[in-house]
Every structure is written in structure tokens, then in C-alpha cells.
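The block underneath contains the structure these notes are about, expressed in C-alpha cells.
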Amino acid sequence: MAGRESLVVIGERAIPATAAAVWRVVADPAVLASLDPRLRLKASVGEPAAVGSAYDMSARGPLGIRLTTHTTVTEAEPGVRIAHESTLRGRPVSKQRGDILPAGDGVVLRWTVEQWPPPRSRRAIERLVGRELEIWLEAVGREALTTAGR
């Protein structure tokens, strides 16, 4: 985003499940919405996780305000990686990339979030995104084990 410094937060979670099981969770916006009660999938276009597919997700923010982002898949390699870009009211708000890496009897899911916060709120947003990312990665791991097992 022009004029603002990028903030990148990376989280990783070892998941004792197959890459295919993790992919089924991170590639489907309906499953993603089910992981957090603050989220609602409002609309989707195209096959989930296909490059160019898109979805609108509504999220309740800290003050109870509901905001809807439009997310478009920009890269997808099933079982390996997915990337997407999100906008809010037509303005870029984040780029995210998930890499599913082989690790022993399971995988490591590495999720990278890039945002462009105002300079004054950068530290607070970095802490918030890091905390939310850890919670989300844990939920993805539970769901991958619950729905697909090993």
C-alpha cells in the first residue's frame, strides 16, 4: 500500500496430519469461517482455492463492528501453498500466504500475513495479528485432525 510501511507477521504450527488434511481446511472459505464464531462467509465465487476465486468474509471487530473483506486467491498449489489478497471497501488490507511443509509424521503450516497499518498503531496491530494468528493456527490444526485425521 503506497505510503505505508509493510508489517509482516509469520506464525508456524506443527500439525500431526497429512498435507491434504491441512489443505482441505485452509483452502475452503466455508471451513475457515467455521473456525471462528466472529466470522461469517457472505459470498463466494469460483471453485474454492482456485486462482482467481474469491469470497467475502464478514468479521466482528473488537468494538462489535462488523466489517466485510473481499479476498481473492492469487496462488494455489494443492497440499503445498495458498496465497490471497484481501480488500476492505476496495482498499488493500492484507496479503496472506500459507505454506504446508513436510515435517516428520505431519506438516508445519507456516502462515505469513502482510498488512499496512498506520504508523501510530503498528505495534498494537502487530501484537493483535500475532495473537490472532496463533489462535487461528491452533484451530486449523484441530480441524485438520478432526475432519481428516492422518
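Residues are referred to by chain and number: the chain letter is A, B, ... according to the order shown in the C-alpha cells, the number counts from 1 in that chain, and ligands are numbered separately from 1 in the order shown.
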Discussion item. Which residues are near Pro29 of chain A? Cut-off 8 Å, only C-alpha atoms, ignore same chain within fewer than 6 positions. Put them as a list in words.
Written reply: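 With the cut-off at 8 Å, the set is Leu41, Pro48 and Tyr55 of chain A.
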Name the residues in contact with segment 13-26 of chain A at a cut-off of 10 Å, using only C-alpha atoms, excluding same-chain residues fewer than 2 positions from it; report them as an NGL selection string. :A and (11 or 28-32 or 34-35 or 48-49 or 77-82 or 98-111 or 134 or 136-150)
Any chance you can output those residues with N, CA and C atoms as a compact mmCIF listing (two decimals), in the first residue's frame?
```txt
# COMPACT_ATOMS: atom_id res chain seq x y z
N GLY A 11 3.53 -16.92 11.47
CA GLY A 11 3.27 -17.91 12.50
C GLY A 11 3.45 -19.31 11.94
N ASP A 28 -10.69 -23.89 1.96
CA ASP A 28 -12.14 -23.76 1.85
C ASP A 28 -12.64 -22.63 2.75
N PRO A 29 -13.12 -21.53 2.17
CA PRO A 29 -13.56 -20.41 2.99
C PRO A 29 -14.70 -20.77 3.95
N ALA A 30 -15.55 -21.72 3.59
CA ALA A 30 -16.63 -22.13 4.49
C ALA A 30 -16.06 -22.80 5.74
N VAL A 31 -15.02 -23.61 5.58
CA VAL A 31 -14.38 -24.23 6.74
C VAL A 31 -13.67 -23.17 7.57
N LEU A 32 -12.98 -22.24 6.90
CA LEU A 32 -12.30 -21.17 7.63
C LEU A 32 -13.28 -20.38 8.49
N SER A 34 -15.98 -21.41 9.78
CA SER A 34 -16.47 -22.23 10.89
C SER A 34 -15.49 -22.29 12.07
N LEU A 35 -14.25 -21.87 11.85
CA LEU A 35 -13.23 -21.94 12.90
C LEU A 35 -13.32 -20.82 13.92
N PRO A 48 -13.42 -23.20 -4.65
CA PRO A 48 -12.54 -22.81 -3.54
C PRO A 48 -11.08 -23.14 -3.85
N ALA A 49 -10.21 -22.20 -3.55
CA ALA A 49 -8.75 -22.31 -3.70
C ALA A 49 -8.26 -22.28 -5.14
N GLU A 77 -1.34 -24.14 -4.88
CA GLU A 77 -0.77 -25.43 -5.25
C GLU A 77 -1.26 -26.41 -4.18
N PRO A 78 -2.28 -27.21 -4.52
CA PRO A 78 -2.92 -28.07 -3.51
C PRO A 78 -1.92 -28.87 -2.68
N GLY A 79 -2.12 -28.79 -1.37
CA GLY A 79 -1.27 -29.51 -0.43
C GLY A 79 0.08 -28.86 -0.18
N VAL A 80 0.36 -27.73 -0.85
CA VAL A 80 1.67 -27.10 -0.74
C VAL A 80 1.57 -25.64 -0.30
N ARG A 81 0.78 -24.83 -1.02
CA ARG A 81 0.70 -23.41 -0.68
C ARG A 81 -0.58 -22.78 -1.22
N ILE A 82 -1.00 -21.74 -0.52
CA ILE A 82 -2.10 -20.91 -0.98
C ILE A 82 -1.78 -19.47 -0.60
N GLY A 98 -0.01 -19.17 2.91
CA GLY A 98 0.15 -20.35 3.73
C GLY A 98 1.01 -21.36 3.02
N ASP A 99 2.05 -21.84 3.69
CA ASP A 99 2.92 -22.88 3.15
C ASP A 99 2.77 -24.11 4.02
N ILE A 100 2.51 -25.25 3.40
CA ILE A 100 2.37 -26.52 4.10
C ILE A 100 3.66 -27.30 3.84
N LEU A 101 4.45 -27.44 4.90
CA LEU A 101 5.79 -28.01 4.77
C LEU A 101 5.86 -29.39 5.41
N PRO A 102 6.43 -30.39 4.72
CA PRO A 102 6.57 -31.71 5.32
C PRO A 102 7.44 -31.63 6.58
N ALA A 103 7.04 -32.39 7.60
CA ALA A 103 7.81 -32.40 8.85
C ALA A 103 7.53 -33.70 9.60
N GLY A 104 8.45 -34.63 9.54
CA GLY A 104 8.28 -35.90 10.26
C GLY A 104 7.01 -36.62 9.85
N ASP A 105 6.16 -36.91 10.86
CA ASP A 105 4.91 -37.63 10.61
C ASP A 105 3.74 -36.71 10.27
N GLY A 106 4.02 -35.45 10.03
CA GLY A 106 2.96 -34.50 9.74
C GLY A 106 3.48 -33.36 8.90
N VAL A 107 3.00 -32.17 9.20
CA VAL A 107 3.41 -30.99 8.46
C VAL A 107 3.62 -29.82 9.42
N VAL A 108 4.26 -28.80 8.91
CA VAL A 108 4.29 -27.50 9.57
C VAL A 108 3.52 -26.55 8.66
N LEU A 109 2.54 -25.88 9.23
CA LEU A 109 1.82 -24.85 8.49
C LEU A 109 2.45 -23.51 8.86
N ARG A 110 3.04 -22.86 7.87
CA ARG A 110 3.64 -21.53 8.06
C ARG A 110 2.71 -20.53 7.38
N TRP A 111 2.21 -19.57 8.15
CA TRP A 111 1.26 -18.59 7.61
C TRP A 111 1.87 -17.20 7.74
N GLU A 134 -1.83 -17.09 16.07
CA GLU A 134 -1.58 -18.28 16.88
C GLU A 134 -2.88 -19.03 17.19
N TRP A 136 -5.62 -18.92 15.44
CA TRP A 136 -6.12 -19.46 14.19
C TRP A 136 -5.36 -20.71 13.77
N LEU A 137 -4.03 -20.68 13.90
CA LEU A 137 -3.23 -21.86 13.53
C LEU A 137 -3.61 -23.05 14.40
N GLU A 138 -3.85 -22.83 15.67
CA GLU A 138 -4.28 -23.92 16.55
C GLU A 138 -5.62 -24.48 16.09
N ALA A 139 -6.55 -23.61 15.71
CA ALA A 139 -7.86 -24.06 15.24
C ALA A 139 -7.74 -24.85 13.93
N VAL A 140 -6.86 -24.41 13.04
CA VAL A 140 -6.64 -25.14 11.78
C VAL A 140 -6.12 -26.54 12.09
N GLY A 141 -5.17 -26.64 13.01
CA GLY A 141 -4.62 -27.94 13.38
C GLY A 141 -5.68 -28.87 13.94
N ARG A 142 -6.51 -28.35 14.84
CA ARG A 142 -7.61 -29.17 15.42
C ARG A 142 -8.56 -29.64 14.34
N GLU A 143 -8.93 -28.73 13.45
CA GLU A 143 -9.88 -29.07 12.39
C GLU A 143 -9.29 -30.09 11.42
N ALA A 144 -8.01 -29.94 11.09
CA ALA A 144 -7.37 -30.90 10.17
C ALA A 144 -7.39 -32.30 10.78
N LEU A 145 -7.16 -32.40 12.07
CA LEU A 145 -7.17 -33.70 12.75
C LEU A 145 -8.60 -34.25 12.89
N THR A 146 -9.55 -33.37 13.15
CA THR A 146 -10.93 -33.78 13.37
C THR A 146 -11.59 -34.28 12.08
N THR A 147 -11.41 -33.52 11.00
CA THR A 147 -12.13 -33.84 9.77
C THR A 147 -11.45 -34.87 8.89
N ALA A 148 -10.11 -34.91 8.93
CA ALA A 148 -9.43 -35.82 8.02
C ALA A 148 -8.49 -36.79 8.70
N GLY A 149 -8.17 -36.48 9.95
CA GLY A 149 -7.25 -37.38 10.65
C GLY A 149 -5.91 -37.46 9.97
N ARG A 150 -5.30 -38.58 10.07
CA ARG A 150 -3.99 -38.80 9.47
C ARG A 150 -4.20 -39.44 8.15
```
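The nearest approach to Arg89 of chain A among the residues A:Val73, A:Asp56, A:Pro119, A:Leu63, with only C-alpha atoms taken into account, belongs to A:Asp56.
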Of A:Arg40, A:Arg131, A:Arg4, A:Arg66, the one nearest to Pro92 of chain A when counting only C-alpha atoms is A:Arg4
- Could you work out how far atom CA of Gly61 of chain A lies from atom CA of Arg123 of chain A, giving the answer in Å with one decimal?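 Pair atom CA of Arg123 of chain A / atom CA of Gly61 of chain A returns 17.7 Å.
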| Taking the backbone alone, and naming residues the way the document does, which bits of chain A are strand (DSSP E or B) by DSSP, as a PyMOL selection string? | chain A and resi 7-15+39-45+54-60+66-77+81-88+91-103+106-115
>> What does the structure give for the distance between atom CA of Val9 of chain A and atom CA of Arg120 of chain A, in Å to one decimal?
In response: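 Interatomic distance here is 17.2 Å.
One finds atom CA of Ser94 of chain A at 9.8 Å from atom CA of Pro117 of chain A.
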Near His70 of chain A, within 10 Å and counting only C-alpha atoms, which residues show up once chain neighbours fewer than 6 positions away are dropped, as a list in words?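 Counting only the stated atoms, we get Lys42, Ala43, Ser44, Ala54, Tyr55, Asp56, Met57, Ser58, Glu85, Ser86, Thr87, Leu88, Arg89, Gly90, Arg91, Pro92 and Val93 of chain A.
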Can you tell me, as a list in words, which residues in segment 40-137 of chain A count as helix (DSSP H, G or I) by DSSP?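 The residues of segment 40-137 of chain A classed as helix (DSSP H, G or I) are Pro119, Arg120, Ser121, Arg122, Arg123, Ala124, Ile125, Glu126, Arg127, Leu128, Val129, Gly130, Arg131, Glu132, Leu133, Glu134, Ile135, Trp136 and Leu137 of chain A.
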Those residues you just picked out, can you put them in a file as a JSON list (two decimals), in the first residue's frame with C-alpha atoms?
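The resulting again_5.json:
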```
[["chain", "number", "residue", "atom", "x", "y", "z"],
["A", 119, "PRO", "CA", 2.45, 4.09, 11.97],
["A", 120, "ARG", "CA", 0.91, 5.00, 15.34],
["A", 121, "SER", "CA", -0.91, 1.70, 15.72],
["A", 122, "ARG", "CA", 1.78, -0.54, 14.23],
["A", 123, "ARG", "CA", 2.91, -2.18, 17.50],
["A", 124, "ALA", "CA", -0.61, -2.80, 18.74],
["A", 125, "ILE", "CA", -1.64, -4.29, 15.40],
["A", 126, "GLU", "CA", 1.48, -6.46, 15.28],
["A", 127, "ARG", "CA", 0.65, -7.90, 18.73],
["A", 128, "LEU", "CA", -3.02, -8.39, 17.82],
["A", 129, "VAL", "CA", -2.24, -10.10, 14.49],
["A", 130, "GLY", "CA", 0.37, -12.34, 16.14],
["A", 131, "ARG", "CA", -2.05, -13.38, 18.89],
["A", 132, "GLU", "CA", -4.93, -13.98, 16.45],
["A", 133, "LEU", "CA", -2.64, -15.89, 14.10],
["A", 134, "GLU", "CA", -1.58, -18.28, 16.88],
["A", 135, "ILE", "CA", -5.22, -18.92, 17.84],
["A", 136, "TRP", "CA", -6.12, -19.46, 14.19],
["A", 137, "LEU", "CA", -3.23, -21.86, 13.53]]
```
